[in-house]
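Structure data (mmCIF, C-alpha atoms) from my_file_39.cif:
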data_run
#
loop_
_atom_site.label_atom_id
_atom_site.label_comp_id
_atom_site.auth_asym_id
_atom_site.auth_seq_id
_atom_site.Cartn_x
_atom_site.Cartn_y
_atom_site.Cartn_z
CA MET P 1 12.94 -45.45 35.90
CA ASN P 2 14.93 -43.30 33.55
CA LEU P 3 12.55 -44.10 30.77
CA PHE P 4 9.61 -43.10 32.95
CA VAL P 5 11.08 -39.70 33.79
CA THR P 6 11.89 -39.00 30.14
CA SER P 7 8.37 -39.84 29.05
CA LEU P 8 7.01 -37.45 31.69
CA ARG P 9 9.34 -34.69 30.64
CA MET P 10 8.68 -34.91 26.93
CA PRO P 11 5.16 -33.42 26.93
CA ALA P 12 6.33 -30.65 29.22
CA LEU P 13 9.19 -29.83 26.87
CA LEU P 14 6.89 -29.88 23.87
CA LEU P 15 4.44 -27.62 25.64
CA GLY P 16 7.24 -25.24 26.55
CA ALA P 17 8.52 -25.19 22.97
CA SER P 18 5.10 -24.45 21.53
CA LEU P 19 4.63 -21.57 24.01
CA VAL P 20 7.88 -20.04 22.85
CA MET P 21 6.79 -20.52 19.24
CA ALA P 22 3.48 -18.82 19.91
CA ALA P 23 5.16 -15.95 21.69
CA THR P 24 7.46 -15.16 18.78
CA VAL P 25 4.96 -16.09 16.06
CA HIS P 26 7.62 -17.62 13.83
CA ALA P 27 10.97 -18.43 15.36
CA THR P 28 12.84 -17.40 12.27
CA THR P 29 14.99 -14.53 11.14
CA LEU P 30 12.96 -12.33 8.86
CA ASP P 31 15.24 -11.14 6.07
CA SER P 32 12.97 -10.57 3.08
CA VAL P 33 9.94 -8.38 2.48
CA GLN P 34 7.18 -9.29 0.08
CA ALA P 35 6.50 -6.01 -1.70
CA ASP P 36 3.10 -6.90 -3.16
CA LYS P 37 1.80 -7.85 0.26
CA SER P 38 3.12 -4.78 2.02
CA LYS P 39 1.60 -1.34 2.43
CA MET P 40 2.90 2.14 3.08
CA GLY P 41 0.07 4.54 3.83
CA PHE P 42 -0.47 7.94 5.37
CA SER P 43 -3.34 10.00 6.70
CA PHE P 44 -3.84 13.60 7.74
CA LYS P 45 -6.51 16.23 8.28
CA GLN P 46 -7.47 18.75 5.64
CA MET P 47 -9.81 21.42 7.01
CA GLY P 48 -11.18 18.94 9.54
CA VAL P 49 -11.59 16.19 6.95
CA ALA P 50 -9.67 12.92 7.42
CA MET P 51 -7.70 12.22 4.24
CA ASP P 52 -5.55 9.25 3.39
CA GLY P 53 -3.34 7.87 0.67
CA HIS P 54 -0.44 5.54 0.06
CA PHE P 55 2.84 5.03 -1.76
CA ALA P 56 2.79 2.36 -4.45
CA LYS P 57 6.56 1.83 -4.57
CA PHE P 58 8.90 1.24 -1.66
CA SER P 59 11.51 -1.31 -0.71
CA ALA P 60 12.69 -2.63 2.62
CA THR P 61 15.76 -4.50 3.72
CA LEU P 62 15.40 -6.40 6.91
CA ASN P 63 17.28 -8.69 9.21
CA PHE P 64 15.12 -9.29 12.21
CA ASP P 65 15.18 -12.22 14.57
CA PRO P 66 12.19 -11.67 16.87
CA ALA P 67 14.13 -13.40 19.65
CA LYS P 68 17.05 -10.99 19.32
CA PRO P 69 15.45 -7.62 18.59
CA GLU P 70 18.51 -5.67 19.76
CA GLN P 71 20.46 -7.07 16.80
CA ALA P 72 17.78 -6.16 14.25
CA LYS P 73 18.62 -4.22 11.14
CA ALA P 74 15.98 -2.55 9.03
CA SER P 75 15.78 0.15 6.43
CA ILE P 76 12.96 1.30 4.21
CA GLU P 77 13.15 3.43 1.07
CA VAL P 78 9.98 5.00 -0.25
CA ASP P 79 9.73 6.20 -3.84
CA LEU P 80 7.96 9.49 -3.14
CA ALA P 81 6.81 10.02 -6.73
CA SER P 82 4.72 6.84 -6.43
CA ILE P 83 2.31 8.69 -4.13
CA ASP P 84 -1.42 8.18 -4.53
CA THR P 85 -3.43 10.83 -2.68
CA GLY P 86 -6.66 9.79 -4.36
CA SER P 87 -6.66 12.90 -6.57
CA GLY P 88 -4.60 13.29 -9.75
CA GLU P 89 -4.36 17.03 -9.18
CA ALA P 90 -2.90 16.54 -5.70
CA ASP P 91 -0.54 13.77 -6.89
CA GLN P 92 0.96 16.22 -9.40
CA GLU P 93 1.17 19.00 -6.82
CA VAL P 94 2.97 17.09 -4.07
CA VAL P 95 5.89 15.88 -6.18
CA GLY P 96 6.67 19.56 -6.88
CA LYS P 97 9.22 21.82 -5.18
CA ALA P 98 6.96 23.08 -2.40
CA TRP P 99 6.22 19.53 -1.24
CA PHE P 100 8.57 16.57 -1.79
CA ASN P 101 10.62 18.02 -4.67
CA THR P 102 11.13 14.50 -5.98
CA VAL P 103 13.45 15.62 -8.77
CA ALA P 104 16.05 16.60 -6.17
CA PHE P 105 14.91 14.26 -3.36
CA PRO P 106 13.28 11.16 -4.87
CA LYS P 107 13.27 9.02 -1.74
CA ALA P 108 12.25 8.99 1.87
CA VAL P 109 14.61 6.77 3.85
CA PHE P 110 14.10 5.21 7.26
CA VAL P 111 16.95 3.43 9.04
CA ALA P 112 16.30 1.64 12.33
CA LYS P 113 18.80 2.44 15.10
CA GLN P 114 17.38 0.55 18.05
CA VAL P 115 14.77 -2.17 18.45
CA LYS P 116 13.43 -3.22 21.88
CA LEU P 117 10.90 -5.85 22.93
CA ILE P 118 8.25 -4.05 25.00
CA ALA P 119 5.50 -6.70 25.18
CA PRO P 120 4.93 -10.11 23.62
CA ASN P 121 5.14 -9.59 19.85
CA GLN P 122 5.48 -5.84 20.28
CA TYR P 123 8.63 -3.90 19.61
CA GLU P 124 9.64 -0.31 19.96
CA VAL P 125 11.69 0.85 17.01
CA LEU P 126 13.72 4.03 17.08
CA GLY P 127 15.13 5.16 13.80
CA SER P 128 16.14 8.02 11.62
CA LEU P 129 13.78 9.30 8.94
CA SER P 130 15.20 11.39 6.10
CA ILE P 131 13.01 13.32 3.69
CA LYS P 132 13.96 16.25 1.46
CA GLY P 133 17.47 16.46 2.89
CA ARG P 134 16.27 16.69 6.48
CA SER P 135 16.54 13.96 9.13
CA ARG P 136 14.57 13.41 12.31
CA ASP P 137 14.40 10.56 14.82
CA VAL P 138 11.06 8.80 14.89
CA LYS P 139 9.75 6.16 17.26
CA SER P 140 7.15 3.56 16.43
CA THR P 141 5.57 0.59 18.14
CA ILE P 142 5.54 -2.39 15.83
CA LYS P 143 3.34 -5.44 16.15
CA LEU P 144 4.45 -8.80 14.88
CA SER P 145 1.75 -11.20 13.76
CA ALA P 146 1.49 -14.32 11.68
CA GLN P 147 -0.27 -14.43 8.36
CA GLY P 148 -0.15 -17.80 6.67
CA LYS P 149 3.48 -18.81 6.35
CA SER P 150 4.80 -15.26 6.62
CA SER P 151 4.97 -12.71 9.37
CA VAL P 152 3.49 -9.26 9.29
CA LEU P 153 5.14 -6.26 10.89
CA SER P 154 2.74 -3.39 11.29
CA GLY P 155 2.92 -0.04 12.97
CA SER P 156 2.48 3.67 12.65
CA PHE P 157 4.02 6.94 13.74
CA THR P 158 3.27 10.61 13.41
CA LEU P 159 5.59 13.08 11.73
CA GLN P 160 5.31 16.84 11.51
CA ARG P 161 5.50 17.85 7.87
CA ALA P 162 7.11 21.18 8.78
CA ASP P 163 10.15 19.29 10.14
CA PHE P 164 10.84 18.09 6.61
CA ALA P 165 9.69 21.20 4.73
CA ILE P 166 6.86 19.18 3.15
CA GLY P 167 4.51 21.91 1.95
CA GLU P 168 6.41 25.18 1.77
CA GLY P 169 5.37 28.70 0.79
CA MET P 170 1.62 29.08 0.51
CA TRP P 171 1.18 25.60 2.04
CA SER P 172 3.34 26.26 5.12
CA LYS P 173 0.41 27.25 7.31
CA PHE P 174 -1.53 24.42 8.91
CA ASP P 175 -5.06 25.83 8.58
CA VAL P 176 -5.74 23.82 5.43
CA VAL P 177 -3.33 20.88 5.55
CA ALA P 178 -2.51 19.89 9.14
CA ASN P 179 1.10 19.61 10.34
CA ASP P 180 0.64 16.11 11.76
CA ILE P 181 0.89 13.30 9.22
CA GLN P 182 0.26 9.74 10.39
CA VAL P 183 2.34 7.17 8.58
CA ASN P 184 1.11 3.60 8.76
CA PHE P 185 2.86 0.59 7.36
CA GLN P 186 2.43 -3.12 7.06
CA LEU P 187 5.34 -5.29 5.93
CA THR P 188 4.90 -8.93 5.03
CA ALA P 189 8.24 -10.54 5.82
CA PHE P 190 9.73 -14.02 5.59
CA ASN P 191 13.00 -15.89 5.70
CA ALA P 192 14.43 -16.29 2.19
CA ALA P 193 16.11 -19.60 2.98
CA THR P 194 13.11 -21.36 4.52
CA GLY P 195 10.37 -19.41 2.76
CA LYS P 196 8.63 -18.55 6.03
CA MET T 197 -57.24 34.35 0.46
CA ASN T 198 -54.13 36.00 1.80
CA PRO T 199 -52.52 37.71 -1.18
CA HIS T 200 -48.95 37.20 -0.02
CA TYR T 201 -46.58 34.51 1.21
CA THR T 202 -45.92 33.96 4.92
CA ALA T 203 -42.89 35.66 6.46
CA THR T 204 -41.21 32.25 6.86
CA ALA T 205 -41.70 31.39 3.19
CA LYS T 206 -40.32 34.80 2.17
CA GLY T 207 -37.36 34.49 4.52
CA LEU T 208 -36.50 31.02 3.23
CA HIS T 209 -36.93 32.13 -0.41
CA TRP T 210 -34.52 35.06 -0.14
CA LEU T 211 -32.03 33.36 2.18
CA MET T 212 -31.79 30.43 -0.22
CA ALA T 213 -31.67 32.75 -3.23
CA LEU T 214 -28.65 34.46 -1.69
CA LEU T 215 -26.97 31.15 -0.79
CA ILE T 216 -27.67 29.59 -4.18
CA PHE T 217 -26.37 32.57 -6.19
CA GLY T 218 -23.24 32.58 -4.02
CA LEU T 219 -22.83 28.83 -4.45
CA LEU T 220 -23.27 29.04 -8.23
CA ALA T 221 -20.75 31.86 -8.59
CA LEU T 222 -18.20 30.22 -6.29
CA GLY T 223 -18.77 26.79 -7.81
CA PHE T 224 -18.14 27.85 -11.40
CA TYR T 225 -15.21 30.06 -10.33
CA MET T 226 -13.37 27.53 -8.16
CA ALA T 227 -13.78 24.45 -10.37
CA ASP T 228 -10.89 25.22 -12.73
CA LEU T 229 -8.54 27.04 -10.35
CA PRO T 230 -5.03 25.62 -9.99
CA LEU T 231 -4.54 23.79 -6.69
CA SER T 232 -3.84 26.13 -3.76
CA PRO T 233 -4.85 26.42 -0.09
CA GLU T 234 -7.48 28.96 -1.17
CA LYS T 235 -8.98 26.48 -3.64
CA LEU T 236 -9.32 23.88 -0.87
CA GLN T 237 -10.91 26.52 1.37
CA TYR T 238 -13.34 27.49 -1.40
CA PHE T 239 -14.28 23.85 -1.88
CA SER T 240 -14.86 23.38 1.85
CA GLY T 241 -16.92 26.56 2.07
CA HIS T 242 -18.91 25.57 -1.01
CA LYS T 243 -19.66 22.17 0.51
CA TRP T 244 -20.68 23.68 3.87
CA ALA T 245 -23.05 26.14 2.15
CA GLY T 246 -24.34 23.33 -0.09
CA VAL T 247 -25.19 21.18 2.92
CA THR T 248 -26.94 24.22 4.44
CA VAL T 249 -29.08 24.57 1.31
CA PHE T 250 -29.81 20.84 1.41
CA LEU T 251 -31.10 21.19 4.99
CA LEU T 252 -33.03 24.40 4.31
CA VAL T 253 -34.80 22.98 1.25
CA TRP T 254 -36.40 20.23 3.35
CA LEU T 255 -37.58 22.83 5.86
CA ARG T 256 -38.91 24.85 2.94
CA LEU T 257 -40.68 21.88 1.38
CA ALA T 258 -42.25 21.02 4.74
CA TRP T 259 -43.45 24.63 5.04
CA ARG T 260 -44.72 24.62 1.45
CA VAL T 261 -46.73 21.44 2.03
CA THR T 262 -48.30 22.75 5.24
CA HIS T 263 -48.89 26.37 4.13
CA ARG T 264 -50.87 26.95 0.97
CA PRO T 265 -49.30 29.73 -1.12
CA PRO T 266 -51.45 32.52 -2.56
CA ALA T 267 -53.33 31.58 -5.71
CA TYR T 268 -52.13 32.73 -9.12
CA PRO T 269 -53.87 35.75 -10.66
CA LEU T 270 -57.11 34.89 -12.44
CA ALA T 271 -55.66 36.41 -15.60
CA MET T 272 -53.27 33.45 -15.91
CA THR T 273 -54.57 30.67 -18.15
CA GLY T 274 -54.63 27.06 -16.98
CA MET T 275 -51.60 26.31 -19.15
CA GLN T 276 -49.63 29.25 -17.73
CA GLN T 277 -50.44 28.14 -14.19
CA LEU T 278 -49.38 24.60 -15.03
CA LEU T 279 -46.08 25.87 -16.45
CA ALA T 280 -45.50 28.00 -13.35
CA HIS T 281 -46.14 24.99 -11.11
CA ALA T 282 -43.85 22.82 -13.25
CA GLY T 283 -41.08 25.45 -13.07
CA HIS T 284 -41.34 25.70 -9.28
CA PHE T 285 -41.46 21.92 -8.98
CA ALA T 286 -38.25 21.67 -11.06
CA LEU T 287 -36.56 24.33 -8.91
CA TYR T 288 -37.41 22.44 -5.71
CA GLY T 289 -36.20 19.23 -7.36
CA LEU T 290 -32.86 20.77 -8.31
CA MET T 291 -32.43 22.26 -4.83
CA VAL T 292 -32.60 18.69 -3.50
CA ILE T 293 -30.71 16.89 -6.27
CA ILE T 294 -27.80 19.31 -6.77
CA PRO T 295 -26.47 19.24 -3.18
CA LEU T 296 -27.02 15.48 -3.18
CA SER T 297 -24.96 15.10 -6.38
CA GLY T 298 -22.21 17.19 -4.76
CA TRP T 299 -22.28 15.03 -1.64
CA LEU T 300 -22.07 11.84 -3.76
CA MET T 301 -19.24 13.37 -5.82
CA SER T 302 -17.29 14.20 -2.65
CA SER T 303 -17.74 10.64 -1.39
CA ALA T 304 -16.57 9.13 -4.69
CA LYS T 305 -13.60 11.50 -4.78
CA GLY T 306 -12.62 10.39 -1.28
CA VAL T 307 -13.02 13.79 0.37
CA GLN T 308 -15.62 13.39 3.07
CA THR T 309 -18.00 16.28 3.69
CA VAL T 310 -17.57 17.64 7.21
CA TRP T 311 -20.13 20.40 7.79
CA PHE T 312 -18.28 23.51 8.97
CA GLY T 313 -15.32 21.23 9.70
CA VAL T 314 -17.23 19.79 12.67
CA LEU T 315 -20.09 17.52 11.66
CA PRO T 316 -19.06 14.66 9.38
CA LEU T 317 -21.64 13.47 6.86
CA PRO T 318 -21.47 9.76 6.07
CA ASP T 319 -19.81 8.87 2.77
CA LEU T 320 -22.60 7.52 0.57
CA LEU T 321 -20.25 5.92 -1.96
CA PRO T 322 -16.89 4.17 -1.78
CA ARG T 323 -13.90 5.93 -3.32
CA ASP T 324 -13.99 5.58 -7.10
CA LYS T 325 -12.08 8.02 -9.32
CA ALA T 326 -14.03 7.33 -12.54
CA LEU T 327 -17.39 7.64 -10.77
CA GLY T 328 -16.16 10.82 -9.07
CA LYS T 329 -15.44 12.36 -12.45
CA GLN T 330 -18.85 11.37 -13.81
CA LEU T 331 -20.58 12.83 -10.76
CA ALA T 332 -18.60 16.05 -11.16
CA GLU T 333 -19.88 16.29 -14.73
CA LEU T 334 -23.42 15.58 -13.54
CA HIS T 335 -23.11 18.21 -10.76
CA SER T 336 -21.95 20.74 -13.34
CA ALA T 337 -24.69 19.88 -15.88
CA LEU T 338 -27.41 20.12 -13.20
CA ASN T 339 -26.11 23.54 -12.21
CA ILE T 340 -26.20 24.77 -15.79
CA GLY T 341 -29.81 23.55 -15.82
CA LEU T 342 -30.44 25.47 -12.59
CA LEU T 343 -28.91 28.64 -14.05
CA VAL T 344 -31.25 28.42 -17.06
CA LEU T 345 -34.26 27.77 -14.85
CA LEU T 346 -33.34 30.65 -12.52
CA GLY T 347 -33.07 32.88 -15.60
CA VAL T 348 -36.60 31.88 -16.63
CA HIS T 349 -37.84 32.28 -13.01
CA THR T 350 -36.40 35.82 -12.75
CA ALA T 351 -37.57 36.80 -16.25
CA ALA T 352 -41.10 35.55 -15.48
CA ALA T 353 -41.18 37.50 -12.20
CA LEU T 354 -40.08 40.69 -13.97
CA LEU T 355 -42.51 40.09 -16.84
CA HIS T 356 -45.38 39.79 -14.36
CA HIS T 357 -44.29 42.89 -12.47
CA LEU T 358 -43.28 45.23 -15.30
CA VAL T 359 -45.41 44.14 -18.24
CA LEU T 360 -48.45 42.33 -16.88
CA LYS T 361 -48.40 44.61 -13.78
CA ASP T 362 -49.84 41.98 -11.42
CA ASP T 363 -48.88 41.17 -7.79
CA ILE T 364 -46.78 38.07 -8.45
CA LEU T 365 -43.42 39.65 -7.54
CA ARG T 366 -44.74 41.88 -4.73
CA ARG T 367 -46.23 39.00 -2.74
CA ILE T 368 -42.78 37.47 -2.13
CA LEU T 369 -41.27 40.86 -1.16
CA PRO T 370 -41.10 42.34 2.37
CA VAL T 371 -44.27 43.76 3.89
CA ARG T 372 -43.76 47.38 2.76
CA PHE T 373 -44.02 46.21 -0.87
CA GLN T 374 -47.21 44.26 -0.14
CA PRO T 375 -50.11 44.49 -2.54
CA LYS T 376 -53.11 46.12 -0.89
CA PRO T 377 -55.78 43.52 -0.26
#

Could you spell out this file's structure in structure tokens?
Amino acid sequence: MNLFVTSLRMPALLLGASLVMAATVHATTLDSVQADKSKMGFSFKQMGVAMDGHFAKFSATLNFDPAKPEQAKASIEVDLASIDTGSGEADQEVVGKAWFNTVAFPKAVFVAKQVKLIAPNQYEVLGSLSIKGRSRDVKSTIKLSAQGKSSVLSGSFTLQRADFAIGEGMWSKFDVVANDIQVNFQLTAFNAATGK
Amino acid sequence: MNPHYTATAKGLHWLMALLIFGLLALGFYMADLPLSPEKLQYFSGHKWAGVTVFLLVWLRLAWRVTHRPPAYPLAMTGMQQLLAHAGHFALYGLMVIIPLSGWLMSSAKGVQTVWFGVLPLPDLLPRDKALGKQLAELHSALNIGLLVLLGVHTAAALLHHLVLKDDILRRILPVRFQPKP
């Protein structure tokens, strides 16, 4: 009798376990980011034209257990001089004083303050973004998905460049370069101990 | 044979002349400016006007094909008439090819052309920095060719009017300058 009950329960347990697995993609604490499989991009409007670019160099530290989002820790540092706007002329311009002033402020730093599960595999992250000596809170919805053995965290948020004095002086009006800048990111993360 | 061009042909000729001279002047001026909001505005304006020329030239070609222009003066030899036709053919060709090369250059440089900031034109090429640079050189070379050809075009018109004293220039001018039939 006991044996019979156990054999009935087993498939149910297995089914339950696999549902939990599917819901959290990988039931593992993500603590490492694979830089060459991660992206940090941005887009904006320039006189009605959609423009985009990316940063080649950035690093992220992460400790994120999808089952315990409230305990998550995450920070991202972007090397602003590694910008690629698609035009050499613009790349040279935006590292200058009026824009990022990378000599004085080489990095943009994001530190997560609060992570909440809002839907299966979707998290709301509130954090502090610091650029050019100015900090603002930003909120982003992040999707967790599986890609091979690793997990991918992807999301986007919009910042107002004026909040960070990105584009001062003759660039401070928004008729040519819009105030809204969409930042989009994709981090490939894994657990260093298990490799997934 | 009507000795002068139709009002539509005249209107298109002078409207495009105005646009093209403006585009040439702005184009050569803005190309080497240091980056500034004004430079980006000049580039946008140049692209909008360039697209306008590209649209107008098709209208003009359609009109040209359906409306026979006045014949050349009998005093012109067969060779001179052939050269005149070849010159006009080259001008029409450049009016098509130059805006097209600018459009391709914009695509390759990753800055889509959005006509008057409202109507996006499809990008004809994927982003490619090296190709963008080559197309910029091509765009510039074609425009130098256009400048030379426009110099010849203007010189020929003045030669006909002032030296040969025929009706070539007058027939493209407004009605009050019309040659008497």

Contacts between region 105-122 of chain P and region 31-60 of chain P, please, where a residue of region 31-60 of chain P counts if it comes within 12 Å (with all atoms listed in the file); show its shortest atom pair and distance in Å to one decimal, rows by chain and ascending number, as JSON lines.
{"residue": "P:Met40", "atom": "CA", "partner": "P:Ala108", "partner_atom": "CA", "distance": 11.7}
{"residue": "P:Phe55", "atom": "CA", "partner": "P:Ala108", "partner_atom": "CA", "distance": 10.8}
{"residue": "P:Lys57", "atom": "CA", "partner": "P:Lys107", "partner_atom": "CA", "distance": 10.2}
{"residue": "P:Phe58", "atom": "CA", "partner": "P:Lys107", "partner_atom": "CA", "distance": 8.9}
{"residue": "P:Ser59", "atom": "CA", "partner": "P:Val109", "partner_atom": "CA", "distance": 9.8}
{"residue": "P:Ala60", "atom": "CA", "partner": "P:Phe110", "partner_atom": "CA", "distance": 9.2}

Original post:
Care to translate the PyMOL selection byres ((chain T) within 12 of (chain P)) into actual residues of this file, as a count of residues only?
Top reply: 41

Subject >> Spatial neighbours of region 353-361 of chain T, 12 Å, all atoms listed in the file, chain gap at least 2 places, as an MDAnalysis selection string >> reply: chainID T and resid 268:269 271:272 276 280 346:351 363:369 375

**OP:** Report the residues retrieved by the PyMOL selection byres ((chain P and resi 157) around 10) from the displayed file, expressed as number ranges by chain.
**Re:** P: 42, 138-142, 155-156, 158-159, 180-185

Name every residue that the PyMOL selection byres ((chain P and resi 164) around 10) selects in this structure, writing the answer as a compact mmCIF listing (two decimals) with C-alpha atoms, in the coordinates of the input with chains first and numbers rising.
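result.txt, freshly written:
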# COMPACT_ATOMS: atom_id res chain seq x y z
CA TRP P 99 6.22 19.53 -1.24
CA PHE P 100 8.57 16.57 -1.79
CA LEU P 129 13.78 9.30 8.94
CA SER P 130 15.20 11.39 6.10
CA ILE P 131 13.01 13.32 3.69
CA LYS P 132 13.96 16.25 1.46
CA GLY P 133 17.47 16.46 2.89
CA ARG P 134 16.27 16.69 6.48
CA SER P 135 16.54 13.96 9.13
CA ARG P 136 14.57 13.41 12.31
CA LEU P 159 5.59 13.08 11.73
CA GLN P 160 5.31 16.84 11.51
CA ARG P 161 5.50 17.85 7.87
CA ALA P 162 7.11 21.18 8.78
CA ASP P 163 10.15 19.29 10.14
CA ALA P 165 9.69 21.20 4.73
CA ILE P 166 6.86 19.18 3.15
CA GLY P 167 4.51 21.91 1.95
CA GLU P 168 6.41 25.18 1.77

Subject >> Interatomic distance, CA of Thr29 (chain P) to CA of Glu124 (chain P) (Å, one decimal) >> reply: 17.6 Å

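From CA of Leu252 (chain T) back to CA of His200 (chain T), the distance works out to 20.9 Å.
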